[in-house]
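Participant: Got query12.txt for you, compact mmCIF, C-alpha atoms and all ligand atoms:
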```txt
# COMPACT_ATOMS: atom_id res chain seq x y z
CA MET A 1070 97.48 80.78 84.33
CA ASP A 1071 99.31 81.20 87.64
CA ILE A 1072 98.21 83.95 89.94
CA HIS A 1073 101.44 85.20 91.45
CA ASN A 1074 101.51 86.23 95.10
CA CYS A 1075 103.48 89.36 94.37
CA VAL A 1076 104.52 91.12 91.19
CA ILE A 1077 107.07 93.92 91.50
CA ILE A 1078 107.25 96.48 88.72
CA GLY A 1079 110.63 98.19 88.53
CA SER A 1080 114.25 97.32 89.27
CA GLY A 1081 115.86 100.17 91.18
CA PRO A 1082 116.73 100.03 94.88
CA ALA A 1083 113.02 100.03 95.80
CA GLY A 1084 112.06 97.14 93.50
CA TYR A 1085 115.02 94.94 94.39
CA THR A 1086 114.62 95.57 98.11
CA ALA A 1087 110.92 94.67 97.87
CA ALA A 1088 112.03 91.52 96.01
CA ILE A 1089 114.58 90.57 98.68
CA TYR A 1090 111.96 90.86 101.43
CA ALA A 1091 109.17 89.21 99.45
CA ALA A 1092 111.43 86.34 98.35
CA ARG A 1093 112.69 85.73 101.89
CA ALA A 1094 109.05 85.63 103.03
CA ASN A 1095 108.56 82.86 100.44
CA LEU A 1096 106.17 84.92 98.28
CA LYS A 1097 108.06 83.82 95.13
CA PRO A 1098 107.98 87.34 93.69
CA VAL A 1099 108.19 88.06 89.98
CA LEU A 1100 110.04 91.29 89.21
CA PHE A 1101 109.68 93.10 85.88
CA THR A 1102 112.76 95.24 85.29
CA GLY A 1103 111.22 97.70 82.83
CA LYS A 1104 113.17 99.45 80.08
CA GLU A 1105 115.99 100.68 82.28
CA PRO A 1106 117.07 97.67 84.38
CA GLY A 1107 118.66 98.90 87.58
CA GLY A 1108 117.00 102.30 87.33
CA GLN A 1109 118.68 105.64 87.87
CA LEU A 1110 121.67 104.28 89.77
CA MET A 1111 122.84 102.73 86.50
CA ILE A 1112 123.63 106.26 85.36
CA THR A 1113 125.36 107.36 88.55
CA THR A 1114 129.03 107.33 89.41
CA ASP A 1115 130.14 106.92 93.00
CA VAL A 1116 127.44 106.41 95.56
CA GLU A 1117 129.02 107.69 98.74
CA ASN A 1118 125.96 108.04 100.95
CA TYR A 1119 124.59 104.49 101.06
CA PRO A 1120 125.39 103.03 104.49
CA GLY A 1121 127.63 99.99 104.46
CA TYR A 1122 129.98 101.18 101.73
CA PRO A 1123 132.61 103.25 103.57
CA ASP A 1124 134.66 103.72 100.39
CA GLY A 1125 131.64 104.33 98.15
CA ILE A 1126 130.47 102.07 95.34
CA MET A 1127 129.67 102.64 91.68
CA GLY A 1128 125.91 102.78 91.01
CA PRO A 1129 125.82 99.96 88.39
CA GLN A 1130 127.86 97.64 90.64
CA MET A 1131 125.52 98.38 93.52
CA MET A 1132 122.47 97.50 91.45
CA ASP A 1133 124.10 94.29 90.27
CA GLU A 1134 124.58 93.33 93.91
CA PHE A 1135 120.94 94.19 94.73
CA LYS A 1136 119.84 91.96 91.85
CA LYS A 1137 122.06 89.04 92.91
CA GLN A 1138 120.71 89.31 96.45
CA ALA A 1139 117.10 89.28 95.19
CA GLU A 1140 117.80 86.27 92.93
CA ARG A 1141 119.61 84.39 95.69
CA PHE A 1142 116.29 84.06 97.54
CA GLY A 1143 114.34 83.03 94.45
CA THR A 1144 113.08 86.23 92.80
CA ASP A 1145 112.05 85.60 89.20
CA VAL A 1146 113.61 88.59 87.40
CA ARG A 1147 112.13 89.22 83.96
CA TYR A 1148 113.63 91.75 81.53
CA GLU A 1149 110.33 93.06 80.31
CA LEU A 1150 108.24 96.18 80.50
CA ILE A 1151 104.73 96.18 81.96
CA GLU A 1152 102.78 98.55 79.73
CA LYS A 1153 99.17 98.14 80.87
CA VAL A 1154 97.49 97.35 84.19
CA GLU A 1155 94.03 96.62 85.58
CA LEU A 1156 94.34 96.87 89.33
CA ASP A 1157 90.74 96.76 90.55
CA GLY A 1158 89.44 93.57 92.13
CA ASP A 1159 91.21 90.82 94.05
CA VAL A 1160 93.22 89.61 91.09
CA LYS A 1161 95.37 92.32 89.54
CA LYS A 1162 96.06 92.04 85.82
CA MET A 1163 99.08 93.33 83.94
CA TRP A 1164 100.28 93.04 80.37
CA THR A 1165 103.88 92.99 79.20
CA GLU A 1166 105.14 94.77 76.11
CA SER A 1167 105.05 91.44 74.28
CA GLY A 1168 101.36 91.03 75.15
CA GLU A 1169 101.63 88.39 77.87
CA GLU A 1170 98.97 88.68 80.58
CA ILE A 1171 100.25 88.47 84.16
CA LYS A 1172 98.02 87.99 87.21
CA ALA A 1173 98.86 88.69 90.83
CA HIS A 1174 97.26 89.01 94.25
CA THR A 1175 99.52 91.96 95.12
CA VAL A 1176 101.50 94.48 93.10
CA VAL A 1177 104.44 96.54 94.28
CA ILE A 1178 105.07 99.58 92.11
CA SER A 1179 108.70 100.71 92.02
CA THR A 1180 108.84 102.32 88.60
CA GLY A 1181 111.02 105.23 89.69
CA ALA A 1182 111.49 108.47 87.84
CA SER A 1183 113.20 109.50 84.57
CA ALA A 1184 115.30 112.44 83.46
CA LYS A 1185 113.56 115.64 82.36
CA TRP A 1186 114.51 117.47 79.17
CA LEU A 1187 114.40 121.18 78.34
CA GLY A 1188 111.98 120.58 75.46
CA LEU A 1189 113.95 122.42 72.75
CA ASP A 1190 113.69 121.14 69.16
CA SER A 1191 117.47 121.33 68.81
CA GLU A 1192 117.85 119.21 71.94
CA THR A 1193 115.61 116.48 70.48
CA LYS A 1194 117.31 116.67 67.10
CA LEU A 1195 120.77 116.12 68.58
CA MET A 1196 119.74 113.47 71.11
CA ASN A 1197 122.48 110.81 71.28
CA LYS A 1198 124.57 112.99 68.94
CA GLY A 1199 126.03 114.91 71.83
CA VAL A 1200 122.86 115.60 73.80
CA SER A 1201 122.64 113.32 76.83
CA ALA A 1202 121.16 113.07 80.32
CA CYS A 1203 123.91 110.80 81.58
CA ALA A 1204 127.51 111.91 81.97
CA VAL A 1205 128.58 108.52 83.25
CA CYS A 1206 127.15 106.75 80.21
CA ASP A 1207 128.30 109.20 77.57
CA GLY A 1208 131.03 111.39 79.10
CA PHE A 1209 133.77 109.06 77.89
CA PHE A 1210 132.88 109.82 74.25
CA PHE A 1211 133.76 113.46 74.86
CA LYS A 1212 137.06 112.91 76.61
CA GLY A 1213 139.42 115.78 75.79
CA LEU A 1214 136.59 118.00 74.50
CA ASP A 1215 134.71 120.94 76.03
CA VAL A 1216 131.17 120.23 77.24
CA VAL A 1217 128.13 121.96 78.73
CA VAL A 1218 126.00 120.87 81.67
CA VAL A 1219 122.62 122.49 82.31
CA GLY A 1220 121.07 122.44 85.79
CA ALA A 1221 121.98 123.49 89.31
CA GLY A 1222 120.91 120.63 91.56
CA ASP A 1223 122.99 117.79 92.98
CA THR A 1224 122.72 115.86 89.73
CA ALA A 1225 124.12 118.75 87.68
CA ALA A 1226 126.90 119.34 90.22
CA GLU A 1227 127.78 115.65 90.20
CA GLU A 1228 127.77 115.48 86.41
CA ALA A 1229 129.91 118.60 86.10
CA THR A 1230 132.57 117.33 88.54
CA TYR A 1231 132.57 113.93 86.86
CA LEU A 1232 133.02 115.48 83.41
CA ALA A 1233 135.73 117.83 84.71
CA LYS A 1234 137.94 114.75 85.15
CA LEU A 1235 137.59 113.91 81.45
CA CYS A 1236 137.17 117.25 79.71
CA PRO A 1237 139.41 120.34 79.56
CA LYS A 1238 136.45 122.68 80.18
CA VAL A 1239 132.97 122.16 81.62
CA HIS A 1240 130.47 125.01 81.27
CA MET A 1241 127.67 124.82 83.82
CA LEU A 1242 124.51 126.75 82.94
CA VAL A 1243 122.61 127.92 86.02
CA ARG A 1244 119.35 129.75 85.38
CA ARG A 1245 119.31 131.67 88.68
CA ASP A 1246 122.03 133.43 90.69
CA GLU A 1247 122.29 130.49 93.08
CA MET A 1248 122.40 126.72 92.96
CA ARG A 1249 119.94 124.29 94.47
CA ALA A 1250 122.68 121.67 95.00
CA SER A 1251 123.79 120.76 98.53
CA LYS A 1252 126.59 122.84 100.01
CA ILE A 1253 129.19 120.08 99.72
CA MET A 1254 128.41 119.52 96.04
CA GLN A 1255 128.47 123.27 95.31
CA ASP A 1256 131.83 123.53 97.05
CA ARG A 1257 133.18 120.76 94.83
CA VAL A 1258 131.99 122.60 91.74
CA MET A 1259 133.46 125.92 92.84
CA LYS A 1260 136.80 124.32 93.73
CA THR A 1261 137.14 122.57 90.38
CA GLU A 1262 139.23 124.89 88.24
CA ASN A 1263 138.00 123.71 84.85
CA ILE A 1264 134.30 124.18 85.65
CA GLU A 1265 132.99 127.59 84.63
CA VAL A 1266 129.60 128.45 86.14
CA HIS A 1267 127.46 130.74 83.97
CA TRP A 1268 124.93 132.33 86.35
CA ASN A 1269 121.49 133.60 85.25
CA THR A 1270 121.97 131.73 82.01
CA GLU A 1271 119.38 129.88 79.95
CA THR A 1272 119.76 127.69 76.90
CA VAL A 1273 118.31 129.16 73.71
CA GLU A 1274 119.46 126.47 71.28
CA VAL A 1275 121.82 123.54 71.02
CA LEU A 1276 123.95 124.22 67.96
CA GLY A 1277 125.00 121.70 65.32
CA THR A 1278 123.49 119.54 62.59
CA GLU A 1279 125.01 116.05 62.76
CA GLU A 1280 126.66 116.60 66.12
CA VAL A 1281 126.71 119.19 68.88
CA ASP A 1282 128.95 122.15 68.04
CA GLY A 1283 127.98 124.45 70.86
CA VAL A 1284 125.15 126.12 72.73
CA ARG A 1285 123.50 129.49 72.24
CA VAL A 1286 122.75 130.93 75.66
CA LYS A 1287 121.00 134.00 76.99
CA ASN A 1288 121.75 135.93 80.15
CA ASN A 1289 118.28 136.41 81.61
CA LYS A 1290 119.33 139.55 83.52
CA THR A 1291 120.81 141.44 80.58
CA GLY A 1292 119.05 139.66 77.70
CA GLU A 1293 122.43 139.29 76.01
CA GLU A 1294 122.91 136.20 73.86
CA SER A 1295 126.22 134.43 73.23
CA GLU A 1296 127.59 131.11 71.99
CA ILE A 1297 129.61 128.58 73.91
CA PRO A 1298 131.57 126.13 71.73
CA ALA A 1299 131.18 122.58 73.06
CA LYS A 1300 130.85 119.03 71.75
CA ALA A 1301 128.30 117.74 74.23
CA PHE A 1302 125.26 119.04 76.09
CA PHE A 1303 124.34 117.23 79.31
CA VAL A 1304 120.88 117.93 80.67
CA ALA A 1305 120.61 117.50 84.45
CA ILE A 1306 117.43 119.33 85.45
CA GLY A 1307 115.56 116.77 87.49
CA HIS A 1308 113.22 113.88 86.93
CA LYS A 1309 109.58 112.93 86.45
CA PRO A 1310 107.92 109.87 87.96
CA ASN A 1311 107.26 106.88 85.68
CA THR A 1312 103.63 106.50 86.58
CA GLN A 1313 101.80 107.15 83.29
CA ILE A 1314 100.39 103.60 83.11
CA PHE A 1315 98.69 104.11 86.49
CA LYS A 1316 96.90 107.29 85.46
CA ASN A 1317 93.15 107.00 86.18
CA ALA A 1318 93.85 103.84 88.20
CA LEU A 1319 95.76 105.15 91.20
CA ASP A 1320 95.69 108.40 93.12
CA MET A 1321 98.58 110.66 92.19
CA ASP A 1322 99.47 114.30 92.75
CA ASP A 1323 99.41 116.87 89.96
CA THR A 1324 103.02 116.07 89.00
CA GLY A 1325 102.33 112.33 88.76
CA TYR A 1326 103.81 111.09 92.04
CA LEU A 1327 101.75 108.22 93.48
CA ILE A 1328 100.03 109.00 96.76
CA THR A 1329 100.47 106.52 99.59
CA GLN A 1330 98.65 106.41 102.92
CA ALA A 1331 100.54 107.81 105.89
CA ASP A 1332 103.10 105.46 107.49
CA SER A 1333 102.57 102.78 104.84
CA SER A 1334 103.10 101.98 101.18
CA LYS A 1335 99.36 101.45 100.56
CA THR A 1336 97.84 103.14 97.54
CA ASN A 1337 94.11 103.81 97.17
CA ILE A 1338 93.63 100.26 95.83
CA ALA A 1339 93.86 97.34 98.27
CA GLY A 1340 96.72 95.00 97.39
CA VAL A 1341 98.64 97.64 95.42
CA PHE A 1342 101.65 99.20 97.10
CA ALA A 1343 104.00 101.95 95.95
CA SER A 1344 107.66 102.50 96.80
CA GLY A 1345 110.71 104.46 95.72
CA ASP A 1346 110.87 107.57 93.57
CA ALA A 1347 107.50 106.85 91.92
CA GLN A 1348 105.92 108.01 95.20
CA ASP A 1349 108.67 110.18 96.70
CA LYS A 1350 109.44 113.65 95.45
CA VAL A 1351 111.01 114.78 98.70
CA TYR A 1352 113.88 112.45 99.63
CA ARG A 1353 114.59 110.55 96.38
CA GLN A 1354 117.62 108.71 97.72
CA ALA A 1355 118.70 105.14 97.09
CA VAL A 1356 118.49 104.40 100.78
CA THR A 1357 115.00 105.87 101.19
CA ALA A 1358 113.85 104.03 98.06
CA ALA A 1359 115.21 100.78 99.51
CA GLY A 1360 113.42 101.54 102.79
CA THR A 1361 110.07 102.05 101.11
CA GLY A 1362 110.63 98.91 99.00
CA CYS A 1363 110.99 96.98 102.24
CA MET A 1364 107.77 98.59 103.54
CA ALA A 1365 105.89 97.61 100.37
CA ALA A 1366 106.97 93.96 100.62
CA LEU A 1367 105.97 93.79 104.29
CA ASP A 1368 102.62 95.43 103.50
CA ALA A 1369 102.06 92.95 100.65
CA GLU A 1370 102.91 90.03 102.92
CA ARG A 1371 100.44 91.24 105.58
CA TYR A 1372 97.74 91.75 102.96
CA LEU A 1373 98.23 88.19 101.65
CA ALA A 1374 98.13 86.80 105.20
CA GLU A 1375 94.95 88.74 106.05
CA LYS A 1376 93.30 87.41 102.90
CA GLU A 1377 94.55 83.91 103.83
CA ILE A 1378 96.25 83.59 100.45
CA ILE A 1379 99.53 82.52 102.09
P1 LIG B 1401 116.59 118.97 91.38
O1 LIG B 1401 115.14 119.03 91.17
O2 LIG B 1401 117.14 119.00 92.77
O3 LIG B 1401 117.29 120.14 90.59
C1 LIG B 1401 116.96 120.43 89.26
C2 LIG B 1401 117.80 121.62 88.83
O4 LIG B 1401 117.56 121.86 87.45
C3 LIG B 1401 117.46 122.90 89.58
O5 LIG B 1401 118.62 123.59 89.90
C4 LIG B 1401 116.61 123.67 88.57
O6 LIG B 1401 116.77 125.05 88.66
C5 LIG B 1401 117.20 123.21 87.27
N1 LIG B 1401 116.23 123.31 86.18
C6 LIG B 1401 114.98 122.79 86.12
N2 LIG B 1401 114.39 123.08 84.95
C7 LIG B 1401 115.30 123.82 84.26
C8 LIG B 1401 115.28 124.43 83.00
N3 LIG B 1401 114.23 124.32 82.19
N4 LIG B 1401 116.37 125.12 82.61
C9 LIG B 1401 117.44 125.22 83.41
N5 LIG B 1401 117.53 124.67 84.63
C10 LIG B 1401 116.46 123.97 85.05
O7 LIG B 1401 117.05 117.63 90.61
P2 LIG B 1401 118.35 116.75 90.77
O8 LIG B 1401 118.19 115.72 89.74
O9 LIG B 1401 119.57 117.56 90.75
O10 LIG B 1401 118.24 116.09 92.21
C11 LIG B 1401 117.08 115.35 92.58
C12 LIG B 1401 117.24 114.80 94.00
O11 LIG B 1401 118.26 113.80 94.03
C13 LIG B 1401 117.67 115.87 95.00
O12 LIG B 1401 117.01 115.63 96.21
C14 LIG B 1401 119.14 115.66 95.13
O13 LIG B 1401 119.64 116.09 96.38
C15 LIG B 1401 119.28 114.15 94.97
N6 LIG B 1401 120.60 113.78 94.43
C16 LIG B 1401 121.56 113.42 95.31
C17 LIG B 1401 122.81 113.07 94.86
C18 LIG B 1401 123.84 112.66 95.84
O14 LIG B 1401 123.60 112.84 97.04
N7 LIG B 1401 124.97 112.12 95.42
C19 LIG B 1401 123.15 113.08 93.42
C20 LIG B 1401 122.06 113.50 92.60
C21 LIG B 1401 120.85 113.84 93.10
P3 LIG B 1401 116.16 125.93 89.87
O15 LIG B 1401 117.07 125.66 91.04
O16 LIG B 1401 116.26 127.30 89.34
O17 LIG B 1401 114.77 125.43 90.07
```
How does the structure come out when it is put into structure tokens?
Ligand code: NDP

Facilitator:
Amino acid sequence: MDIHNCVIIGSGPAGYTAAIYAARANLKPVLFTGKEPGGQLMITTDVENYPGYPDGIMGPQMMDEFKKQAERFGTDVRYELIEKVELDGDVKKMWTESGEEIKAHTVVISTGASAKWLGLDSETKLMNKGVSACAVCDGFFFKGLDVVVVGAGDTAAEEATYLAKLCPKVHMLVRRDEMRASKIMQDRVMKTENIEVHWNTETVEVLGTEEVDGVRVKNNKTGEESEIPAKAFFVAIGHKPNTQIFKNALDMDDTGYLITQADSSKTNIAGVFASGDAQDKVYRQAVTAAGTGCMAALDAERYLAEKEII
């Protein structure tokens, strides 16, 4: 069985950027896309803050271009999930969902982060029946209908303004009396006439049996409960890192973000490098993820050279 120079796990901006650098350095990288090829940008609308796109670009188109660029230099992109790893020792072992064993001298982890849910039974029950964490994916199905967005960060603000273009009324549930979203995003929300912000408001239950009919909410200042009729419930309350398979293998903080050494992408295991949102809970931007993907590929290349493998 081949021992690959470099296996990259994950296919967001970090993974593809690592692939572009590793492929151009002739490492012949193999990239495993995971279950959500393209990562979080696949569920984003306009990306307006990535340098080089003065008019903005849609997230999925951007990821398609990242992928093409990685493949142009010879990256072997495989649409599979790595579900188990053994990272100790010089040869790192990984297993795909279909049971294939993969060996590599270096591993770049770019597994990103996934959407968080409120954890309500009614939310689980109505998942994909009106409950969604992706307005861009599912908003179209609720065109012309009233919807609810929960959350108060940039994601929630972005989802609410996106949905406001499709839906007559967007109710935004904010659990405090202020939003966490950046000023510019908050301004957009406040200037959009068909977004109604419900301050100090928590979700008690998503209503409906076969489909979402509304949301029971509670004002956490007054304790008063009320119902908001709506056909969809978009959850936009943040993300958690996809690092479960590295538990007990790699150092991570108490929320699961991988820990890297200062000024590098090195993890606590030699030859294993981490990039993107899996190790970044502070910046979490496409451009910072791409930057750390580049770092990981360069670190992998140096490691291989020091070990005289390349
Ligand atoms: P954030 O962690 O920034 O915000 C999560 C929001 O959800 C907070 O307002 C939080 O409330 C709220 N929340 C969390 N749990 C609950 C709950 N159980 N019930 C109700 N509300 C809850 O996550 P985002 O996904 O919004 O953003 C992540 C990062 O990505 C940020 O750095 C953001 O700037 C960036 N981003 C940038 C974009 C852009 O520039 N175009 C677009 C999207 C994201 P509270 O404030 O009370 O804690």

Participant: Take CA of Gly1143 (chain A) and CA of Thr1175 (chain A) and report the distance between them in Å, one decimal.

Facilitator: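 Separation between CA of Gly1143 (chain A) and CA of Thr1175 (chain A): 17.3 Å.
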
Participant: Hey, which bits of chain A sit within 10 Å of ligand LIG 1401 (chain B), and for each residue what's the closest pair of atoms and how far apart in Å (one decimal), counting only C-alpha atoms and all ligand atoms, rows by chain and increasing number, as a tab-separated table?

Facilitator:
```
residue	atom	partner	partner_atom	distance
A:Gln1109	CA	B:LIG1401	C20	9.8
A:Leu1110	CA	B:LIG1401	C19	9.6
A:Thr1113	CA	B:LIG1401	C19	7.8
A:Thr1114	CA	B:LIG1401	N7	8.7
A:Asp1115	CA	B:LIG1401	N7	7.7
A:Val1116	CA	B:LIG1401	N7	6.2
A:Glu1117	CA	B:LIG1401	N7	6.9
A:Asn1118	CA	B:LIG1401	O14	6.6
A:Tyr1119	CA	B:LIG1401	O14	9.3
A:Ser1183	CA	B:LIG1401	O8	9.5
A:Ala1184	CA	B:LIG1401	O8	7.7
A:Lys1185	CA	B:LIG1401	N2	7.9
A:Trp1186	CA	B:LIG1401	N3	7.5
A:Leu1187	CA	B:LIG1401	N3	5.0
A:Gly1188	CA	B:LIG1401	N3	8.0
A:Leu1189	CA	B:LIG1401	N3	9.6
A:Val1218	CA	B:LIG1401	N5	9.7
A:Val1219	CA	B:LIG1401	C9	6.0
A:Gly1220	CA	B:LIG1401	O4	3.9
A:Ala1221	CA	B:LIG1401	O5	3.4
A:Gly1222	CA	B:LIG1401	O9	3.4
A:Asp1223	CA	B:LIG1401	O9	4.1
A:Thr1224	CA	B:LIG1401	O9	3.7
A:Ala1225	CA	B:LIG1401	O9	5.6
A:Ala1226	CA	B:LIG1401	O9	7.6
A:Glu1227	CA	B:LIG1401	C19	6.2
A:Glu1228	CA	B:LIG1401	C20	8.7
A:Leu1242	CA	B:LIG1401	C9	7.2
A:Val1243	CA	B:LIG1401	N5	6.2
A:Arg1244	CA	B:LIG1401	C9	5.3
A:Arg1245	CA	B:LIG1401	O16	5.4
A:Asp1246	CA	B:LIG1401	O16	8.5
A:Glu1247	CA	B:LIG1401	O15	7.4
A:Met1248	CA	B:LIG1401	O15	5.8
A:Arg1249	CA	B:LIG1401	O15	4.7
A:Ala1250	CA	B:LIG1401	O13	6.5
A:Ser1251	CA	B:LIG1401	O13	6.6
A:Ile1253	CA	B:LIG1401	O14	9.5
A:Met1254	CA	B:LIG1401	N7	8.2
A:Asn1269	CA	B:LIG1401	O16	9.2
A:Thr1270	CA	B:LIG1401	C9	8.1
A:Glu1271	CA	B:LIG1401	C9	6.1
A:Thr1272	CA	B:LIG1401	N4	7.1
A:Val1273	CA	B:LIG1401	N4	10.0
A:Val1304	CA	B:LIG1401	N5	8.5
A:Ala1305	CA	B:LIG1401	O8	6.1
A:Ile1306	CA	B:LIG1401	O4	3.2
A:Gly1307	CA	B:LIG1401	O7	3.6
A:His1308	CA	B:LIG1401	O8	6.0
A:Lys1309	CA	B:LIG1401	O1	9.5
A:Asp1346	CA	B:LIG1401	C12	9.6
A:Asp1349	CA	B:LIG1401	O12	10.0
A:Lys1350	CA	B:LIG1401	O12	7.9
A:Val1351	CA	B:LIG1401	O12	6.6
A:Tyr1352	CA	B:LIG1401	O12	5.6
A:Arg1353	CA	B:LIG1401	O11	5.4
A:Gln1354	CA	B:LIG1401	C15	6.3
A:Ala1355	CA	B:LIG1401	C16	8.9
```

Participant: Report, in Å to a single decimal, how far apart CA of Gly1325 (chain A) and CA of Pro1098 (chain A) are.

Facilitator: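 Calculated distance between CA of Pro1098 (chain A) and CA of Gly1325 (chain A) is 26.1 Å.
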
Participant: For region 1073-1086 of chain A, what centre and edge lengths in Å (one decimal) does the axis-aligned box get once 6 Å is added on each side of all its listed atoms, as AutoDock Vina command-line options?

Facilitator:
```
--center_x 109.1 --center_y 92.7 --center_z 93.3 --size_x 27.3 --size_y 27.0 --size_z 21.6
```

Participant: State, in Å with one decimal place, the distance from CA of Val1099 (chain A) to CA of Gly1168 (chain A).

Facilitator: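 The value is 16.6 Å.
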
Participant: Please determine, counting all atoms listed in the file, which residue among A:Lys1194, A:Lys1212, A:Arg1257, A:Arg1285 has the shortest atom-to-atom distance to Leu1232 (chain A).

Facilitator: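 Closest residue, counting all atoms listed in the file: A:Lys1212.
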
Participant: Using all atoms listed in the file, which of A:Ala1182, A:Ile1297, A:Leu1100, A:Ile1171 sits nearest Met1070 (chain A)?

Facilitator: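 Smallest separation from Met1070 (chain A) among the options: A:Ile1171.
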
Participant: Within 7 Å of region 1196-1198 of chain A, counting only C-alpha atoms, which residues qualify if same-chain residues fewer than 6 places away don't, as number ranges by chain?

Facilitator: A: 1279-1281

Participant: Can you write just those residues out, C-alpha atoms, as a PDB file, keeping the file's coordinate frame?

Facilitator:
```pdb
ATOM      1  CA  GLU A1279     125.010 116.050  62.760  1.00  0.00           C
ATOM      2  CA  GLU A1280     126.660 116.600  66.120  1.00  0.00           C
ATOM      3  CA  VAL A1281     126.710 119.190  68.880  1.00  0.00           C
TER       4      VAL A1281
END
```

Participant: Taking 2 positions as the minimum chain separation for residues in the same chain, which residues sit within 9 Å of region 1151-1165 of chain A when counting only C-alpha atoms? Answer as a PyMOL selection string.

Facilitator: chain A and resi 1072+1078+1101-1103+1149+1167-1176+1314-1315+1318-1319+1338-1341

Participant: So that I can check the surroundings of Leu1327 (chain A), please list as a list in words every protein, DNA and RNA residue that reaches within 7 Å of it, counting all atoms listed in the file and ignoring chain neighbours fewer than 4 positions away.

Facilitator: Asp1320, Met1321, Asp1322, Ala1347 and Gln1348 of chain A

Participant: Kindly reconstruct region 1361-1366 of chain A with all heavy atoms and present the result as a compact mmCIF listing (two decimals), in the frame of the given file.

Facilitator:
```txt
# COMPACT_ATOMS: atom_id res chain seq x y z
N THR A 1361 111.49 102.15 101.47
CA THR A 1361 110.07 102.05 101.11
C THR A 1361 109.78 100.76 100.34
O THR A 1361 108.67 100.23 100.39
CB THR A 1361 109.58 103.28 100.31
OG1 THR A 1361 110.41 103.44 99.16
CG2 THR A 1361 109.61 104.55 101.15
N GLY A 1362 110.79 100.22 99.65
CA GLY A 1362 110.63 98.91 99.00
C GLY A 1362 110.40 97.82 100.04
O GLY A 1362 109.55 96.94 99.89
N CYS A 1363 111.16 97.92 101.12
CA CYS A 1363 110.99 96.98 102.24
C CYS A 1363 109.57 97.12 102.81
O CYS A 1363 108.88 96.12 103.03
CB CYS A 1363 112.04 97.31 103.31
SG CYS A 1363 111.64 96.68 104.93
N MET A 1364 109.12 98.36 103.02
CA MET A 1364 107.77 98.59 103.54
C MET A 1364 106.71 97.94 102.64
O MET A 1364 105.77 97.30 103.11
CB MET A 1364 107.48 100.10 103.64
CG MET A 1364 108.22 100.81 104.76
SD MET A 1364 108.16 102.61 104.55
CE MET A 1364 106.42 102.96 104.75
N ALA A 1365 106.88 98.13 101.33
CA ALA A 1365 105.89 97.61 100.37
C ALA A 1365 105.82 96.08 100.44
O ALA A 1365 104.72 95.51 100.41
CB ALA A 1365 106.23 98.07 98.96
N ALA A 1366 106.98 95.43 100.55
CA ALA A 1366 106.97 93.96 100.62
C ALA A 1366 106.29 93.49 101.91
O ALA A 1366 105.52 92.53 101.91
CB ALA A 1366 108.40 93.43 100.53
```
